[in-house]
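**Student:** Following this line is start.tsv, made up of TSV, C-alpha atoms and all ligand atoms:
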chain	number	residue	atom	x	y	z
A	12	MET	CA	-46.37	20.55	38.31
A	13	ALA	CA	-48.02	23.91	38.37
A	14	ASP	CA	-49.62	25.15	35.18
A	15	GLU	CA	-47.44	27.74	33.43
A	16	GLU	CA	-50.43	28.80	31.35
A	17	GLN	CA	-52.05	30.16	34.50
A	18	ARG	CA	-48.90	32.08	35.30
A	19	GLU	CA	-49.13	33.74	31.86
A	20	LEU	CA	-52.78	34.53	32.52
A	21	VAL	CA	-51.90	36.37	35.76
A	22	LEU	CA	-49.38	38.45	33.80
A	23	GLN	CA	-51.93	39.08	31.06
A	24	ALA	CA	-54.47	40.26	33.64
A	25	CYS	CA	-51.91	42.60	35.28
A	26	ARG	CA	-51.10	44.15	31.89
A	27	GLY	CA	-54.78	44.44	30.92
A	28	LEU	CA	-55.59	46.15	34.23
A	29	ALA	CA	-52.56	48.42	33.75
A	30	ALA	CA	-53.77	49.37	30.26
A	31	GLN	CA	-57.11	50.27	31.85
A	32	GLY	CA	-55.33	52.60	34.31
A	33	LEU	CA	-55.89	50.33	37.30
A	34	GLY	CA	-52.28	49.66	38.23
A	35	PRO	CA	-50.16	52.81	38.35
A	36	GLY	CA	-48.87	52.36	41.91
A	37	ILE	CA	-47.53	49.71	44.24
A	38	GLY	CA	-50.34	47.59	45.63
A	39	GLY	CA	-52.97	45.28	44.25
A	40	HIS	CA	-52.68	41.69	43.15
A	41	VAL	CA	-54.16	39.21	40.76
A	42	SER	CA	-54.22	35.51	41.60
A	43	ILE	CA	-55.24	32.23	39.97
A	44	ARG	CA	-55.68	29.01	41.92
A	45	ILE	CA	-53.93	25.83	40.75
A	46	PRO	CA	-56.84	23.37	40.45
A	47	GLY	CA	-56.83	20.63	43.07
A	48	GLU	CA	-53.79	21.99	44.92
A	49	GLU	CA	-53.26	24.41	47.78
A	50	LEU	CA	-51.27	26.71	45.50
A	51	TYR	CA	-51.86	29.85	43.46
A	52	TRP	CA	-49.99	32.18	41.13
A	53	THR	CA	-49.85	35.85	42.02
A	54	ASN	CA	-47.75	38.95	41.36
A	55	LYS	CA	-45.03	40.36	43.58
A	56	LEU	CA	-45.73	43.60	45.43
A	57	SER	CA	-42.50	45.30	44.43
A	58	LYS	CA	-43.68	46.46	41.00
A	59	SER	CA	-46.76	48.15	39.58
A	60	PHE	CA	-48.99	46.28	37.13
A	61	GLU	CA	-47.46	48.50	34.45
A	62	GLU	CA	-44.00	47.04	35.16
A	63	MET	CA	-44.94	43.40	35.65
A	64	GLN	CA	-42.87	40.69	33.92
A	65	LEU	CA	-43.25	36.91	33.94
A	66	GLU	CA	-40.57	36.48	36.64
A	67	ASP	CA	-42.67	38.67	38.95
A	68	ILE	CA	-45.50	36.13	38.89
A	69	VAL	CA	-44.79	33.66	41.70
A	70	LEU	CA	-46.30	30.51	43.13
A	71	LEU	CA	-47.54	30.64	46.73
A	72	ASP	CA	-48.97	28.02	49.06
A	73	PHE	CA	-52.03	28.48	51.25
A	74	HIS	CA	-49.85	30.04	53.96
A	75	GLY	CA	-48.84	32.77	51.49
A	76	ARG	CA	-45.31	31.35	51.24
A	77	SER	CA	-43.15	30.83	48.18
A	78	ALA	CA	-40.78	27.86	47.82
A	79	ASP	CA	-38.12	30.55	47.43
A	80	PRO	CA	-37.61	32.14	50.88
A	81	GLU	CA	-36.38	35.32	49.19
A	82	VAL	CA	-39.81	35.94	47.68
A	83	ILE	CA	-42.04	38.07	49.88
A	84	VAL	CA	-45.20	39.00	48.06
A	85	SER	CA	-47.28	41.24	50.29
A	86	PRO	CA	-48.42	41.32	53.89
A	87	GLY	CA	-51.93	41.74	52.42
A	88	ILE	CA	-51.86	38.57	50.33
A	89	ASP	CA	-53.53	36.33	52.94
A	90	PHE	CA	-57.11	37.01	51.87
A	91	HIS	CA	-56.38	35.30	48.53
A	92	HIS	CA	-55.79	31.85	50.02
A	93	GLY	CA	-58.37	32.65	52.71
A	94	ILE	CA	-61.03	33.14	50.02
A	95	TYR	CA	-59.86	30.07	48.08
A	96	GLN	CA	-60.30	27.99	51.24
A	97	LEU	CA	-63.77	29.41	51.97
A	98	ARG	CA	-65.07	29.43	48.41
A	99	PRO	CA	-64.36	26.34	46.27
A	100	ASP	CA	-66.24	28.05	43.40
A	101	VAL	CA	-63.66	30.89	43.26
A	102	ASN	CA	-60.55	30.21	41.19
A	103	ALA	CA	-59.34	33.74	40.45
A	104	ILE	CA	-59.20	37.00	42.41
A	105	VAL	CA	-58.40	40.58	41.42
A	106	HIS	CA	-57.69	43.30	43.97
A	107	THR	CA	-56.76	46.86	43.02
A	108	HIS	CA	-56.68	50.35	44.44
A	109	GLY	CA	-58.04	51.73	41.15
A	110	PHE	CA	-58.83	55.42	41.55
A	111	TRP	CA	-62.61	55.25	40.97
A	112	ILE	CA	-62.89	51.88	42.69
A	113	THR	CA	-61.21	53.33	45.79
A	114	ALA	CA	-63.34	56.48	45.68
A	115	GLN	CA	-66.48	54.33	45.48
A	116	ALA	CA	-65.26	52.00	48.24
A	117	ALA	CA	-65.06	54.99	50.59
A	118	LEU	CA	-68.85	55.24	50.33
A	119	GLY	CA	-68.99	51.86	52.13
A	120	ARG	CA	-71.82	50.36	50.07
A	121	GLU	CA	-72.62	48.63	46.78
A	122	PRO	CA	-72.42	50.80	43.67
A	123	ARG	CA	-75.71	52.53	42.92
A	124	MET	CA	-77.78	50.97	40.14
A	125	LEU	CA	-77.11	53.59	37.48
A	126	HIS	CA	-76.28	51.24	34.60
A	127	ASN	CA	-77.22	47.73	33.51
A	128	MET	CA	-73.73	46.51	34.37
A	129	ALA	CA	-74.06	47.68	37.98
A	130	THR	CA	-76.56	44.86	38.48
A	131	TYR	CA	-73.70	42.35	38.54
A	132	PHE	CA	-72.96	43.68	42.02
A	133	LYS	CA	-76.50	44.04	43.34
A	134	GLY	CA	-76.91	41.74	46.35
A	135	ARG	CA	-73.58	40.09	45.52
A	136	THR	CA	-71.18	42.48	47.23
A	137	ALA	CA	-69.68	42.17	50.69
A	138	ILE	CA	-68.50	45.18	52.67
A	139	ALA	CA	-65.51	44.30	54.84
A	140	PRO	CA	-63.80	46.71	57.26
A	141	ASP	CA	-60.30	45.62	56.18
A	142	ASP	CA	-58.55	43.04	54.00
A	143	GLU	CA	-57.95	40.48	56.76
A	144	ILE	CA	-59.70	37.20	56.02
A	145	GLU	CA	-61.01	37.34	59.62
A	146	SER	CA	-62.95	40.45	58.55
A	147	ILE	CA	-63.88	39.26	55.05
A	148	ALA	CA	-65.13	35.79	56.09
A	149	PRO	CA	-68.09	36.95	58.22
A	150	ALA	CA	-68.99	39.69	55.70
A	151	MET	CA	-68.99	37.42	52.63
A	152	LYS	CA	-71.81	35.11	51.62
A	153	ASP	CA	-71.97	32.38	48.96
A	154	GLY	CA	-72.45	33.88	45.53
A	155	ASP	CA	-70.78	37.21	46.36
A	156	LEU	CA	-68.50	38.30	43.55
A	157	ALA	CA	-67.11	41.53	44.98
A	158	ILE	CA	-65.77	42.77	48.30
A	159	ILE	CA	-65.60	46.48	49.00
A	160	ILE	CA	-63.08	47.62	51.60
A	161	PRO	CA	-63.76	51.25	52.56
A	162	TRP	CA	-60.74	53.60	52.44
A	163	HIS	CA	-58.72	50.88	50.73
A	164	GLY	CA	-60.00	49.36	47.45
A	165	SER	CA	-62.05	46.46	46.19
A	166	ILE	CA	-61.83	42.78	45.28
A	167	THR	CA	-63.59	40.90	42.50
A	168	MET	CA	-63.58	37.13	42.16
A	169	GLY	CA	-64.88	34.44	39.86
A	170	GLU	CA	-64.72	30.91	38.59
A	171	ASN	CA	-61.83	31.96	36.35
A	172	ILE	CA	-59.68	34.99	35.57
A	173	GLN	CA	-61.92	35.98	32.67
A	174	VAL	CA	-64.78	36.54	35.11
A	175	ALA	CA	-62.71	38.07	37.94
A	176	ALA	CA	-60.92	40.57	35.66
A	177	GLY	CA	-64.05	41.25	33.56
A	178	LEU	CA	-65.88	42.11	36.78
A	179	HIS	CA	-63.05	44.39	37.90
A	180	HIS	CA	-63.17	46.30	34.61
A	181	THR	CA	-66.96	46.55	35.04
A	182	LEU	CA	-66.66	47.70	38.66
A	183	ASP	CA	-64.26	50.43	37.59
A	184	TYR	CA	-66.91	51.78	35.19
A	185	VAL	CA	-69.88	51.59	37.54
A	186	ALA	CA	-67.80	52.96	40.44
A	187	ARG	CA	-67.01	56.06	38.38
A	188	LEU	CA	-70.69	56.48	37.54
A	189	ASP	CA	-71.61	56.08	41.20
A	190	VAL	CA	-69.08	58.63	42.43
A	191	THR	CA	-69.72	61.25	39.77
A	192	ALA	CA	-73.50	61.09	39.25
A	193	PRO	CA	-75.48	63.58	41.39
A	194	ALA	CA	-76.88	62.19	44.65
A	195	ASP	CA	-80.47	62.54	43.42
A	196	THR	CA	-79.92	60.59	40.17
A	197	PRO	CA	-82.75	58.05	39.89
A	198	GLU	CA	-81.65	54.44	40.37
A	199	MET	CA	-82.88	51.44	38.41
A	200	PRO	CA	-85.96	49.97	40.15
A	201	ASP	CA	-85.44	46.56	41.81
A	202	ASP	CA	-87.66	44.63	39.36
A	203	HIS	CA	-85.82	46.16	36.40
A	204	ALA	CA	-82.46	45.28	37.98
A	205	GLU	CA	-83.58	41.70	38.57
A	206	ALA	CA	-84.66	41.36	34.92
A	207	VAL	CA	-81.26	42.69	33.79
A	208	GLN	CA	-79.50	40.20	36.07
A	209	VAL	CA	-81.38	37.36	34.34
A	210	LEU	CA	-80.32	38.69	30.93
A	211	LEU	CA	-76.69	39.13	31.98
A	212	ALA	CA	-76.55	35.58	33.29
A	213	LYS	CA	-77.15	34.45	29.69
A	214	ALA	CA	-74.75	36.96	28.13
A	215	ASP	CA	-71.08	36.43	27.41
A	216	TYR	CA	-70.25	39.95	28.54
A	217	LEU	CA	-67.51	39.13	31.06
A	218	ASN	CA	-65.62	36.84	28.65
A	219	LEU	CA	-65.89	39.49	25.95
A	220	THR	CA	-64.63	42.09	28.44
A	221	TRP	CA	-61.64	39.85	29.21
A	222	ASP	CA	-60.91	39.62	25.46
A	223	LEU	CA	-61.10	43.41	25.31
A	224	LEU	CA	-58.67	43.72	28.26
A	225	CYS	CA	-56.26	41.41	26.42
A	226	ARG	CA	-56.48	43.54	23.27
A	227	LYS	CA	-55.89	46.67	25.36
A	228	ALA	CA	-52.88	44.99	26.99
A	229	GLU	CA	-51.45	44.19	23.58
A	230	ARG	CA	-51.91	47.78	22.37
A	231	ALA	CA	-50.45	49.26	25.56
A	232	PHE	CA	-47.39	47.00	26.00
A	233	ASP	CA	-44.23	48.24	24.27
A	234	GLY	CA	-42.16	45.13	24.93
A	235	GLN	CA	-41.10	46.27	28.40
A	236	PHE	CA	-43.78	48.41	30.03
A	237	THR	CA	-47.52	48.85	29.79
A	238	THR	CA	-48.49	52.49	29.34
A	239	PRO	CA	-52.12	53.06	30.37
A	240	LEU	CA	-54.55	53.81	27.58
A	241	VAL	CA	-56.96	55.25	30.15
A	242	THR	CA	-56.17	57.65	32.97
A	243	PRO	CA	-58.67	58.14	35.79
B	301	ZN	ZN	-54.92	46.56	48.85
With the file now loaded, output its structure as structure tokens.
**Tutor:**
Amino acid sequence: MADEEQRELVLQACRGLAAQGLGPGIGGHVSIRIPGEELYWTNKLSKSFEEMQLEDIVLLDFHGRSADPEVIVSPGIDFHHGIYQLRPDVNAIVHTHGFWITAQAALGREPRMLHNMATYFKGRTAIAPDDEIESIAPAMKDGDLAIIIPWHGSITMGENIQVAAGLHHTLDYVARLDVTAPADTPEMPDDHAEAVQVLLAKADYLNLTWDLLCRKAERAFDGQFTTPLVTP
């Protein structure tokens, strides 16, 4: 029996991302793996994150199929189960076309090191030419926690949804910094970035960011829709 709590968590993540302004259009999905099974919960493609309801969160197998033949999620869903098969350490994935995330992805590289939080992505980001798992697999290495797809959007992933969604919120911030800061803005030196990475590994920042996303979701949800608190 699949865990309904995880279904609720997918919905919670969709609403938190919507509150943050990351889900105004069609496209993007959140998923959570069912431990020990070749199944995961994810959202349907037919609604924006702002419109998502519990019945829009559906269970798929590792072929991207629902038990209900009427449910068609997205032709782009395959990388979710592809990543789950390649990376046993990944149990949750967030993919959006957030405005700043997409603008940064078009640069085709990691975000520049312009803030402590950018160091999460330093050396841990794959660049894939498209969202096919055949493209992502050779680009991704163990330990990567983000995938940037130029002219499309980005993916974050983690051991749980707290990490995957916390990283997505963080990527949104550092992507905006990257895109808007002048080209000659000095970047954090490598040794400084490495020291920050050590500090962040001990911090509870991503869990706290998830809690913040949940509070934003609560503030932004009127009982039917989530109205973004932040616009890009
Ligand atoms: Zn996409």
**Student:** At most 8 Å is the cut-off: for each residue in chain A with any atom that close to an atom of ligand ZN 301 (chain B), write down the nearest atom pair and the distance in Å rounded to one decimal, counting all atoms listed in the file, chain first then increasing number, as JSON lines.
**Tutor:**
{"residue": "A:Gly38", "atom": "CA", "partner": "B:ZN301", "partner_atom": "ZN", "distance": 5.7}
{"residue": "A:Gly39", "atom": "CA", "partner": "B:ZN301", "partner_atom": "ZN", "distance": 5.2}
{"residue": "A:His40", "atom": "CA", "partner": "B:ZN301", "partner_atom": "ZN", "distance": 7.8}
{"residue": "A:Gly87", "atom": "CA", "partner": "B:ZN301", "partner_atom": "ZN", "distance": 6.7}
{"residue": "A:His106", "atom": "CA", "partner": "B:ZN301", "partner_atom": "ZN", "distance": 6.5}
{"residue": "A:Thr107", "atom": "CA", "partner": "B:ZN301", "partner_atom": "ZN", "distance": 6.1}
{"residue": "A:His108", "atom": "CA", "partner": "B:ZN301", "partner_atom": "ZN", "distance": 6.1}
{"residue": "A:Asp142", "atom": "CA", "partner": "B:ZN301", "partner_atom": "ZN", "distance": 7.2}
{"residue": "A:His163", "atom": "CA", "partner": "B:ZN301", "partner_atom": "ZN", "distance": 6.1}
{"residue": "A:Gly164", "atom": "CA", "partner": "B:ZN301", "partner_atom": "ZN", "distance": 6.0}
{"residue": "A:Ser165", "atom": "CA", "partner": "B:ZN301", "partner_atom": "ZN", "distance": 7.6}
**Student:** Would you mind telling me which residue in A:Asp100, A:Asp201, A:Glu145, A:Glu61 lies nearest to Leu240 (chain A) when using only C-alpha atoms?
**Tutor:**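 Checking each candidate against Leu240 (chain A), we get A:Glu61 as the closest.
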**Student:** List the spatial neighbours of Asp72 (chain A) as a PDB file with C-alpha atoms, in the coordinates of the input - criterion: any atom at most 12 Å away, all atoms listed in the file, same-chain residues fewer than 4 positions off excluded.
**Tutor:**
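Output file around-v1.pdb is given in full below:
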ATOM      1  CA  ALA A  13     -48.020  23.910  38.370  1.00  0.00           C
ATOM      2  CA  SER A  42     -54.220  35.510  41.600  1.00  0.00           C
ATOM      3  CA  ILE A  43     -55.240  32.230  39.970  1.00  0.00           C
ATOM      4  CA  ARG A  44     -55.680  29.010  41.920  1.00  0.00           C
ATOM      5  CA  ILE A  45     -53.930  25.830  40.750  1.00  0.00           C
ATOM      6  CA  GLU A  48     -53.790  21.990  44.920  1.00  0.00           C
ATOM      7  CA  GLU A  49     -53.260  24.410  47.780  1.00  0.00           C
ATOM      8  CA  LEU A  50     -51.270  26.710  45.500  1.00  0.00           C
ATOM      9  CA  TYR A  51     -51.860  29.850  43.460  1.00  0.00           C
ATOM     10  CA  TRP A  52     -49.990  32.180  41.130  1.00  0.00           C
ATOM     11  CA  THR A  53     -49.850  35.850  42.020  1.00  0.00           C
ATOM     12  CA  ARG A  76     -45.310  31.350  51.240  1.00  0.00           C
ATOM     13  CA  SER A  77     -43.150  30.830  48.180  1.00  0.00           C
ATOM     14  CA  ALA A  78     -40.780  27.860  47.820  1.00  0.00           C
ATOM     15  CA  ASP A  79     -38.120  30.550  47.430  1.00  0.00           C
ATOM     16  CA  VAL A  84     -45.200  39.000  48.060  1.00  0.00           C
ATOM     17  CA  ILE A  88     -51.860  38.570  50.330  1.00  0.00           C
ATOM     18  CA  ASP A  89     -53.530  36.330  52.940  1.00  0.00           C
ATOM     19  CA  HIS A  91     -56.380  35.300  48.530  1.00  0.00           C
ATOM     20  CA  HIS A  92     -55.790  31.850  50.020  1.00  0.00           C
ATOM     21  CA  GLY A  93     -58.370  32.650  52.710  1.00  0.00           C
ATOM     22  CA  TYR A  95     -59.860  30.070  48.080  1.00  0.00           C
ATOM     23  CA  GLN A  96     -60.300  27.990  51.240  1.00  0.00           C
TER      24      GLN A  96
END
**Student:** For a quick check of your reading of the model, name the residues lying within 10 Å of the coordinate (-61.9, 43.8, 39.5), counting all atoms listed in the file, and write them as JSON, numbers by chain.
**Tutor:** {"A": [28, 33, 41, 104, 105, 106, 107, 108, 109, 112, 156, 157, 158, 164, 165, 166, 167, 168, 169, 172, 174, 175, 176, 177, 178, 179, 180, 181, 182, 183]}
**Student:** With C-alpha atoms retained, could you export that selection as a PDB file, in the frame of the given file?
**Tutor:**
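Resulting contents of part_21.pdb:
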ATOM      1  CA  LEU A  28     -55.590  46.150  34.230  1.00  0.00           C
ATOM      2  CA  LEU A  33     -55.890  50.330  37.300  1.00  0.00           C
ATOM      3  CA  VAL A  41     -54.160  39.210  40.760  1.00  0.00           C
ATOM      4  CA  ILE A 104     -59.200  37.000  42.410  1.00  0.00           C
ATOM      5  CA  VAL A 105     -58.400  40.580  41.420  1.00  0.00           C
ATOM      6  CA  HIS A 106     -57.690  43.300  43.970  1.00  0.00           C
ATOM      7  CA  THR A 107     -56.760  46.860  43.020  1.00  0.00           C
ATOM      8  CA  HIS A 108     -56.680  50.350  44.440  1.00  0.00           C
ATOM      9  CA  GLY A 109     -58.040  51.730  41.150  1.00  0.00           C
ATOM     10  CA  ILE A 112     -62.890  51.880  42.690  1.00  0.00           C
ATOM     11  CA  LEU A 156     -68.500  38.300  43.550  1.00  0.00           C
ATOM     12  CA  ALA A 157     -67.110  41.530  44.980  1.00  0.00           C
ATOM     13  CA  ILE A 158     -65.770  42.770  48.300  1.00  0.00           C
ATOM     14  CA  GLY A 164     -60.000  49.360  47.450  1.00  0.00           C
ATOM     15  CA  SER A 165     -62.050  46.460  46.190  1.00  0.00           C
ATOM     16  CA  ILE A 166     -61.830  42.780  45.280  1.00  0.00           C
ATOM     17  CA  THR A 167     -63.590  40.900  42.500  1.00  0.00           C
ATOM     18  CA  MET A 168     -63.580  37.130  42.160  1.00  0.00           C
ATOM     19  CA  GLY A 169     -64.880  34.440  39.860  1.00  0.00           C
ATOM     20  CA  ILE A 172     -59.680  34.990  35.570  1.00  0.00           C
ATOM     21  CA  VAL A 174     -64.780  36.540  35.110  1.00  0.00           C
ATOM     22  CA  ALA A 175     -62.710  38.070  37.940  1.00  0.00           C
ATOM     23  CA  ALA A 176     -60.920  40.570  35.660  1.00  0.00           C
ATOM     24  CA  GLY A 177     -64.050  41.250  33.560  1.00  0.00           C
ATOM     25  CA  LEU A 178     -65.880  42.110  36.780  1.00  0.00           C
ATOM     26  CA  HIS A 179     -63.050  44.390  37.900  1.00  0.00           C
ATOM     27  CA  HIS A 180     -63.170  46.300  34.610  1.00  0.00           C
ATOM     28  CA  THR A 181     -66.960  46.550  35.040  1.00  0.00           C
ATOM     29  CA  LEU A 182     -66.660  47.700  38.660  1.00  0.00           C
ATOM     30  CA  ASP A 183     -64.260  50.430  37.590  1.00  0.00           C
TER      31      ASP A 183
END
**Student:** Work out how far apart CA of Pro149 (chain A) and CA of Ser85 (chain A) are and give it in Å to one decimal.
**Tutor:**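 So the two atoms, CA of Pro149 (chain A) and CA of Ser85 (chain A), lie 22.7 Å apart.
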**Student:** Kindly indicate which residue among A:Gly34, A:Val185, A:Asp14, A:His74 lies nearest to Gly47 (chain A), using only C-alpha atoms for the distances.
**Tutor:**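 Nearest to Gly47 (chain A): A:Asp14.
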**Student:** Draw an axis-aligned box over all listed atoms of region 137-153 of chain A, pad each side with 3 Å, and write its centre and edge lengths in Å, one decimal, as lines of an AutoDock Vina configuration file.
**Tutor:**
center_x = -65.0
center_y = 39.5
center_z = 54.3
size_x = 20.0
size_y = 20.3
size_z = 16.7
**Student:** Quick one, how far is CA of Thr237 (chain A) from CA of Arg18 (chain A)?
**Tutor:** 17.7 Å
**Student:** Skipping near chain neighbours, those fewer than 4 positions away, what residues fall within 8 Å of Gly36 (chain A) using only C-alpha atoms, listed as a PDB file with C-alpha atoms, in the frame of the given file?
**Tutor:**
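So the final result, stored in around-v9.pdb, reads:
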ATOM      1  CA  LYS A  58     -43.680  46.460  41.000  1.00  0.00           C
ATOM      2  CA  SER A  59     -46.760  48.150  39.580  1.00  0.00           C
ATOM      3  CA  PHE A  60     -48.990  46.280  37.130  1.00  0.00           C
TER       4      PHE A  60
END
**Student:** For CA of Ala214 (chain A) and CA of Arg226 (chain A), quote the distance in Å rounded to one decimal.
**Tutor:**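 These atoms are spaced 20.0 Å apart.
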**Student:** Which residues come within 12 Å of Pro161 (chain A), counting only C-alpha atoms, excluding same-chain residues fewer than 6 positions away, as a list in words?
**Tutor:**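 Final neighbour list, sorted by chain and number: His108, Ile112, Thr113, Ala114, Gln115, Ala116, Ala117, Leu118, Gly119, Arg120, Glu121, Ala137, Ile138, Ala139, Pro140, Asp141 and Asp142 of chain A.
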**Student:** Could you tell me which of A:Trp162, A:Arg26, A:Ala148, A:Leu56 comes closest to Asp233 (chain A) if we count only C-alpha atoms?
**Tutor:**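 Comparing A:Trp162, A:Arg26, A:Ala148, A:Leu56 against Asp233 (chain A), the winner is A:Arg26.
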**Student:** Compute the distance from (-77.0, 59.5, 40.3) to each atom, counting all atoms listed in the file, keep the residues with any atom at most 12 Å away, and return them as an MDAnalysis selection string; use the coordinates of the file.
**Tutor:** chainID A and resid 122:126 185:199
**Student:** Can you pull out the residues contacting Asp153 (chain A)? Cut-off 10 Å, using all atoms listed in the file, and skip same-chain residues under 5 positions away; I want them as a count of residues only.
**Tutor:** 4
**Student:** Given the choices A:Gly75, A:Gly154, A:Pro86, A:Pro35, which gets closest to Phe110 (chain A) if the distance is worked out from all atoms listed in the file?
**Tutor:**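 Closest candidate: A:Pro35.
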